[in-house]
Amino acid sequence: MSTLFTNYERIIANGDHKLRADALEIAEAGIRRVIPYEAVRRLISCDDSCIRVGSLTIPWDRVNHIYVVGAGKGSFPIAQALDEIFGERIKAGTVIVKDGEKRRLPHIEIFESSHPIPDARSIEAADKLMRILSEAGEGDLVFAAVTGGSSALVNKPAGGITLENLRQVNLDLLNCGAEIGKINMVRKHICLMKGGRLVQYGQPAMVVTLTFDTAPPDMPWPDMCLPDPTTFADAIQVLKDYELWDQTPQPVRSYLLYGLEHPELETVKSLDGMRQAIFSVADPQLACQAAAQAAQALGYTPHVISTTMEGEAKDVGIVMAGITDEILTSKRPFQPPCALISGGETTVTIQESCGSGGPNQETVLGFAGKIRHRAGYAFVSLDTDGTDGPCDRAGGIVDGATVRRIREQKIHLAKVLHDHNSGEMLEHLGDDLITGHTGTNVMNLRIVLIGKEEGNGSDRSD
């Protein structure tokens, strides 16, 4: 039985009991594997002579003070481990988390900020981190806990850019359907905390970054602590490619154009010569591997399809429905019982009206709208941090019973998806997933579970 999903009993009673229970158990295994507290405790140790961080050894006689800074939806468990390891040796520390993280630590301040759209707390958060970084000097050690979500949680507007300008640009970028890497090209060039600057501000102290997944294709998560290969020209091009340039606030356009002529304003292009190190304490591969192991233990042959799947959320669901139908009908490309596991960040393009929901909820409804079979499967899609987009649901689950309820209630699913009202619809259907803050944030996690029995015939639900 799951201890992660707060509405577990309702969820498993709302359709195929076994497939739903197994799907939630597999998803929970994936999430729990990438909660970073235990990983940090394994990575860092100290005795009377030195501190060890992975392969890095730092003698105590070379450390004057220890500081902790950080931001992100998965940063609290990292901070918790650091607080327990170093305790009163921490001279000062502040970690920025998403609003609603009510836990506190004895030696590190936990400051709540806004996500996914920044507010005044985001600027206050940047000031708090800057004060600590400015205090750290030669001979000091700074731990930086930086995970996904930090781009919204911490902002120091550049030039004459205002908070309202930042909010507008963030909202437009989130609504246009751009990939996270493209979004961050713009964010990094209008904020003075991103693009490697946290490490730069921390010099000449030694800055040790603890993050999630140090090698994805666009590496967006710890962007405050990484060199940035993108430029002002790239940021401008993103806004033009997504037809946002003309509606972008004038102060933002002016600063980006000014940056073209002033390369000294660029983000950090190299960390060479800086005292720093970076370590991964969780990644999508670990989550998918743990989910696969749990599926195998439950009797399903696991197949990790991808850990970097991207695209429009509902379209990903449609593709997964087609693969599921093929397996149920023809037992190809995989034999049931099996589990199709994937990770990656999907997006939602907002064109007109917008209800409640998020990418994972649109993914499962896209699946439900196209699956032909009436039974034999369950599909879970959720954000590992427990909040799917700007809502308090983690994601959703659908199976043949969901499809039947949609048909019986004559729900116009295409309109629900057009209006981006997936959250309200899944709540109505009783198929929304609720976990609360999980303490991690590596990606979206999807599991299609196909049982031993084929579905009873073919029937479209639209």
# chains A, B, ... in the order shown; residues from 1 in each chain; ligands from 1

$ select_by_dssp --residues "segment 135-354 of chain A" --states "strand (DSSP E or B)" --output "CSV table (one decimal) with N, CA, C and O atoms, in the first residue's frame"
chain,number,residue,atom,x,y,z
A,141,LEU,N,33.9,27.6,2.9
A,141,LEU,CA,33.3,26.6,2.1
A,141,LEU,C,31.8,26.9,2.0
A,141,LEU,O,31.1,27.0,3.0
A,142,VAL,N,31.3,27.0,0.7
A,142,VAL,CA,29.9,27.2,0.5
A,142,VAL,C,29.3,26.0,-0.2
A,142,VAL,O,29.8,25.6,-1.3
A,143,PHE,N,28.2,25.5,0.4
A,143,PHE,CA,27.4,24.4,-0.2
A,143,PHE,C,26.2,25.1,-0.9
A,143,PHE,O,25.5,25.8,-0.2
A,144,ALA,N,26.0,24.8,-2.2
A,144,ALA,CA,24.9,25.3,-2.9
A,144,ALA,C,24.0,24.2,-3.3
A,144,ALA,O,24.3,23.3,-4.1
A,145,ALA,N,22.8,24.2,-2.7
A,145,ALA,CA,21.7,23.2,-3.0
A,145,ALA,C,20.8,23.8,-4.0
A,145,ALA,O,19.9,24.6,-3.7
A,146,VAL,N,21.0,23.4,-5.3
A,146,VAL,CA,20.2,24.0,-6.4
A,146,VAL,C,19.6,22.9,-7.2
A,146,VAL,O,20.2,22.1,-7.8
A,157,PRO,N,16.4,41.1,-10.9
A,157,PRO,CA,16.2,41.7,-12.3
A,157,PRO,C,17.4,42.5,-12.7
A,157,PRO,O,18.0,43.3,-12.0
A,176,CYS,N,3.6,29.7,-24.0
A,176,CYS,CA,3.8,29.5,-25.4
A,176,CYS,C,4.2,28.1,-25.9
A,176,CYS,O,4.3,27.8,-27.1
A,191,CYS,N,18.2,38.1,-15.6
A,191,CYS,CA,18.3,37.9,-14.1
A,191,CYS,C,19.8,37.8,-13.8
A,191,CYS,O,20.5,37.1,-14.5
A,206,MET,N,35.3,28.3,-1.7
A,206,MET,CA,35.1,27.0,-2.5
A,206,MET,C,33.6,26.8,-2.5
A,206,MET,O,33.0,26.7,-1.4
A,207,VAL,N,33.0,26.7,-3.7
A,207,VAL,CA,31.6,26.5,-3.9
A,207,VAL,C,31.3,25.1,-4.3
A,207,VAL,O,31.8,24.7,-5.4
A,208,VAL,N,30.6,24.3,-3.5
A,208,VAL,CA,30.3,22.9,-3.8
A,208,VAL,C,28.8,22.8,-4.1
A,208,VAL,O,28.0,23.0,-3.2
A,209,THR,N,28.5,22.6,-5.4
A,209,THR,CA,27.0,22.5,-5.8
A,209,THR,C,26.5,21.1,-5.7
A,209,THR,O,27.2,20.1,-6.2
A,210,LEU,N,25.4,20.9,-5.0
A,210,LEU,CA,24.7,19.6,-4.9
A,210,LEU,C,23.4,19.8,-5.7
A,210,LEU,O,22.5,20.6,-5.3
A,211,THR,N,23.2,19.0,-6.7
A,211,THR,CA,22.1,19.2,-7.6
A,211,THR,C,21.5,17.9,-8.1
A,211,THR,O,21.9,16.8,-7.7
A,212,PHE,N,20.5,18.0,-9.0
A,212,PHE,CA,20.0,16.8,-9.7
A,212,PHE,C,20.5,16.8,-11.1
A,212,PHE,O,20.3,17.7,-11.9
A,276,GLN,N,35.5,25.5,-7.4
A,276,GLN,CA,34.1,25.0,-7.4
A,276,GLN,C,34.2,23.5,-7.7
A,276,GLN,O,35.1,23.0,-8.3
A,277,ALA,N,33.1,22.8,-7.4
A,277,ALA,CA,32.9,21.4,-7.7
A,277,ALA,C,31.3,21.2,-7.8
A,277,ALA,O,30.6,21.9,-7.1
A,278,ILE,N,30.9,20.2,-8.6
A,278,ILE,CA,29.5,20.0,-8.7
A,278,ILE,C,29.2,18.5,-8.6
A,278,ILE,O,30.0,17.7,-9.1
A,279,PHE,N,28.2,18.1,-7.9
A,279,PHE,CA,27.8,16.7,-7.6
A,279,PHE,C,26.3,16.5,-7.9
A,279,PHE,O,25.5,17.3,-7.4
A,280,SER,N,26.0,15.4,-8.5
A,280,SER,CA,24.6,15.0,-8.7
A,280,SER,C,24.2,14.1,-7.6
A,280,SER,O,24.9,13.1,-7.3
A,281,VAL,N,23.0,14.4,-7.0
A,281,VAL,CA,22.5,13.5,-5.9
A,281,VAL,C,21.2,12.8,-6.3
A,281,VAL,O,20.6,12.1,-5.5
A,282,ALA,N,20.7,13.1,-7.5
A,282,ALA,CA,19.5,12.4,-8.1
A,282,ALA,C,19.4,12.7,-9.5
A,282,ALA,O,19.9,13.7,-10.0
A,301,THR,N,7.2,-7.1,-17.1
A,301,THR,CA,8.5,-6.8,-17.8
A,301,THR,C,8.6,-5.3,-18.0
A,301,THR,O,7.8,-4.7,-18.8
A,302,PRO,N,9.7,-4.7,-17.5
A,302,PRO,CA,9.8,-3.3,-17.6
A,302,PRO,C,10.5,-2.9,-18.9
A,302,PRO,O,11.5,-3.6,-19.3
A,303,HIS,N,10.1,-1.8,-19.5
A,303,HIS,CA,10.8,-1.2,-20.6
A,303,HIS,C,10.9,0.3,-20.4
A,303,HIS,O,9.9,1.0,-20.4
A,304,VAL,N,12.2,0.8,-20.2
A,304,VAL,CA,12.4,2.2,-20.1
A,304,VAL,C,12.5,2.8,-21.5
A,304,VAL,O,13.5,2.6,-22.2
A,305,ILE,N,11.4,3.5,-21.9
A,305,ILE,CA,11.3,4.0,-23.3
A,305,ILE,C,12.3,5.2,-23.5
A,305,ILE,O,12.9,5.3,-24.5
A,306,SER,N,12.3,6.1,-22.5
A,306,SER,CA,13.1,7.3,-22.6
A,306,SER,C,13.1,8.0,-21.3
A,306,SER,O,12.2,8.0,-20.6
A,311,GLY,N,7.8,17.3,-25.6
A,311,GLY,CA,6.8,17.6,-26.6
A,311,GLY,C,5.5,18.1,-25.9
A,311,GLY,O,5.5,18.2,-24.7
A,312,GLU,N,4.5,18.4,-26.7
A,312,GLU,CA,3.3,18.8,-26.2
A,312,GLU,C,2.6,17.7,-25.4
A,312,GLU,O,2.5,16.6,-25.8
A,338,CYS,N,3.5,-6.0,-19.1
A,338,CYS,CA,4.7,-5.2,-19.2
A,338,CYS,C,4.4,-3.8,-18.6
A,338,CYS,O,3.3,-3.4,-18.4
A,339,ALA,N,5.5,-3.0,-18.4
A,339,ALA,CA,5.4,-1.7,-17.9
A,339,ALA,C,6.3,-0.8,-18.9
A,339,ALA,O,7.4,-1.1,-19.1
A,340,LEU,N,5.7,0.3,-19.4
A,340,LEU,CA,6.4,1.2,-20.2
A,340,LEU,C,6.7,2.4,-19.4
A,340,LEU,O,5.8,3.1,-18.9
A,341,ILE,N,7.9,2.7,-19.2
A,341,ILE,CA,8.4,3.7,-18.2
A,341,ILE,C,9.1,4.8,-19.0
A,341,ILE,O,10.0,4.5,-19.8
A,342,SER,N,8.8,6.1,-18.7
A,342,SER,CA,9.4,7.2,-19.4
A,342,SER,C,9.5,8.4,-18.5
A,342,SER,O,8.7,8.5,-17.6
A,343,GLY,N,10.5,9.2,-18.8
A,343,GLY,CA,10.7,10.5,-18.0
A,343,GLY,C,10.9,11.6,-19.0
A,343,GLY,O,11.1,11.4,-20.2
A,344,GLY,N,11.0,12.8,-18.5
A,344,GLY,CA,11.2,14.0,-19.4
A,344,GLY,C,10.2,15.0,-19.1
A,344,GLY,O,9.2,14.8,-18.4
A,346,THR,N,7.4,17.5,-20.4
A,346,THR,CA,6.5,17.9,-21.5
A,346,THR,C,6.0,19.3,-21.2
A,346,THR,O,6.2,19.9,-20.2
A,347,THR,N,5.4,19.9,-22.3
A,347,THR,CA,5.0,21.3,-22.2
A,347,THR,C,3.5,21.4,-22.6
A,347,THR,O,2.9,20.5,-23.2
A,349,THR,N,1.0,24.3,-24.5
A,349,THR,CA,0.9,25.6,-25.2
A,349,THR,C,-0.5,26.2,-24.9
A,349,THR,O,-1.5,25.7,-25.3

$ residues_around --residues "segment 230-236 of chain A" --least-positions-apart "2" --cutoff "7 Å" --atoms "only C-alpha atoms" --output "mmCIF file with C-alpha atoms, in the first residue's frame"
data_model
loop_
_atom_site.group_PDB
_atom_site.id
_atom_site.type_symbol
_atom_site.label_atom_id
_atom_site.label_comp_id
_atom_site.auth_asym_id
_atom_site.auth_seq_id
_atom_site.Cartn_x
_atom_site.Cartn_y
_atom_site.Cartn_z
ATOM 1 C CA MET A 185 17.862 31.097 -22.360
ATOM 2 C CA VAL A 186 15.698 34.164 -21.774
ATOM 3 C CA HIS A 189 19.756 36.952 -19.612
ATOM 4 C CA ASP A 228 26.050 29.251 -19.850
ATOM 5 C CA VAL A 238 13.666 32.601 -28.605
ATOM 6 C CA LEU A 239 11.260 35.493 -28.053
ATOM 7 C CA LYS A 240 11.024 36.058 -31.800
ATOM 8 C CA LEU A 256 18.547 42.389 -24.231
ATOM 9 C CA GLY A 259 23.486 43.278 -23.979
ATOM 10 C CA LEU A 260 24.224 42.543 -27.622
ATOM 11 C CA GLU A 266 26.942 38.212 -20.593
#

$ atom_distance --atom1 "atom CA of Asp241 of chain A" --atom2 "atom CA of Glu310 of chain A"
18.2 Å

$ residues_around --residues "Gly423 of chain A" --least-positions-apart "3" --cutoff "6 Å" --atoms "only C-alpha atoms" --output "VMD selection string"
chain A and resid 356 to 357 426

$ write_last_selection --atoms "C-alpha atoms" --output "mmCIF file, in the first residue's frame"
data_model
loop_
_atom_site.group_PDB
_atom_site.id
_atom_site.type_symbol
_atom_site.label_atom_id
_atom_site.label_comp_id
_atom_site.auth_asym_id
_atom_site.auth_seq_id
_atom_site.Cartn_x
_atom_site.Cartn_y
_atom_site.Cartn_z
ATOM 1 C CA SER A 356 -6.688 24.399 -13.968
ATOM 2 C CA GLY A 357 -4.220 21.608 -14.546
ATOM 3 C CA LEU A 426 -9.631 14.669 -13.442
#

$ select_by_dssp --residues "segment 32-71 of chain A" --states "alpha helix (DSSP H)" --output "PyMOL selection string"
chain A and resi 32-33+37-43

$ closest_residue --among "A:Gln289, A:Ser45, A:Ser134, A:Thr438" --to "Tyr201 of chain A" --atoms "only C-alpha atoms"
A:Ser134

$ atom_distance --atom1 "atom CA of Ile110 of chain A" --atom2 "atom CA of Thr94 of chain A"
5.9 Å

$ atom_distance --atom1 "atom CA of Lys98 of chain A" --atom2 "atom CA of Phe76 of chain A"
9.6 Å

$ residues_around --residues "segment 164-175 of chain A" --least-positions-apart "6" --cutoff "6 Å" --atoms "only C-alpha atoms" --output "compact mmCIF listing (two decimals) with N, CA, C and O atoms, in the first residue's frame"
# COMPACT_ATOMS: atom_id res chain seq x y z
N ILE A 117 5.46 31.48 -11.30
CA ILE A 117 5.61 32.89 -11.64
C ILE A 117 6.21 33.62 -10.45
O ILE A 117 5.69 33.54 -9.34
N PRO A 118 7.33 34.33 -10.62
CA PRO A 118 7.98 35.00 -9.48
C PRO A 118 7.13 36.12 -8.91
O PRO A 118 6.32 36.74 -9.62
N PRO A 249 7.79 43.26 -22.58
CA PRO A 249 7.90 44.62 -22.02
C PRO A 249 9.15 45.34 -22.53
O PRO A 249 10.21 44.74 -22.68
N THR A 349 0.97 24.35 -24.49
CA THR A 349 0.87 25.63 -25.20
C THR A 349 -0.50 26.24 -24.93
O THR A 349 -1.53 25.65 -25.28
N ILE A 350 -0.53 27.40 -24.28
CA ILE A 350 -1.78 28.10 -23.97
C ILE A 350 -2.05 29.11 -25.07
O ILE A 350 -1.23 29.98 -25.34

$ residues_around --residues "segment 397-413 of chain A" --least-positions-apart "3" --cutoff "8 Å" --atoms "only C-alpha atoms" --output "ChimeraX atom specification"
/A:14-16,20,364-365,368-369,373-381,416-417,429,431-433,461-462
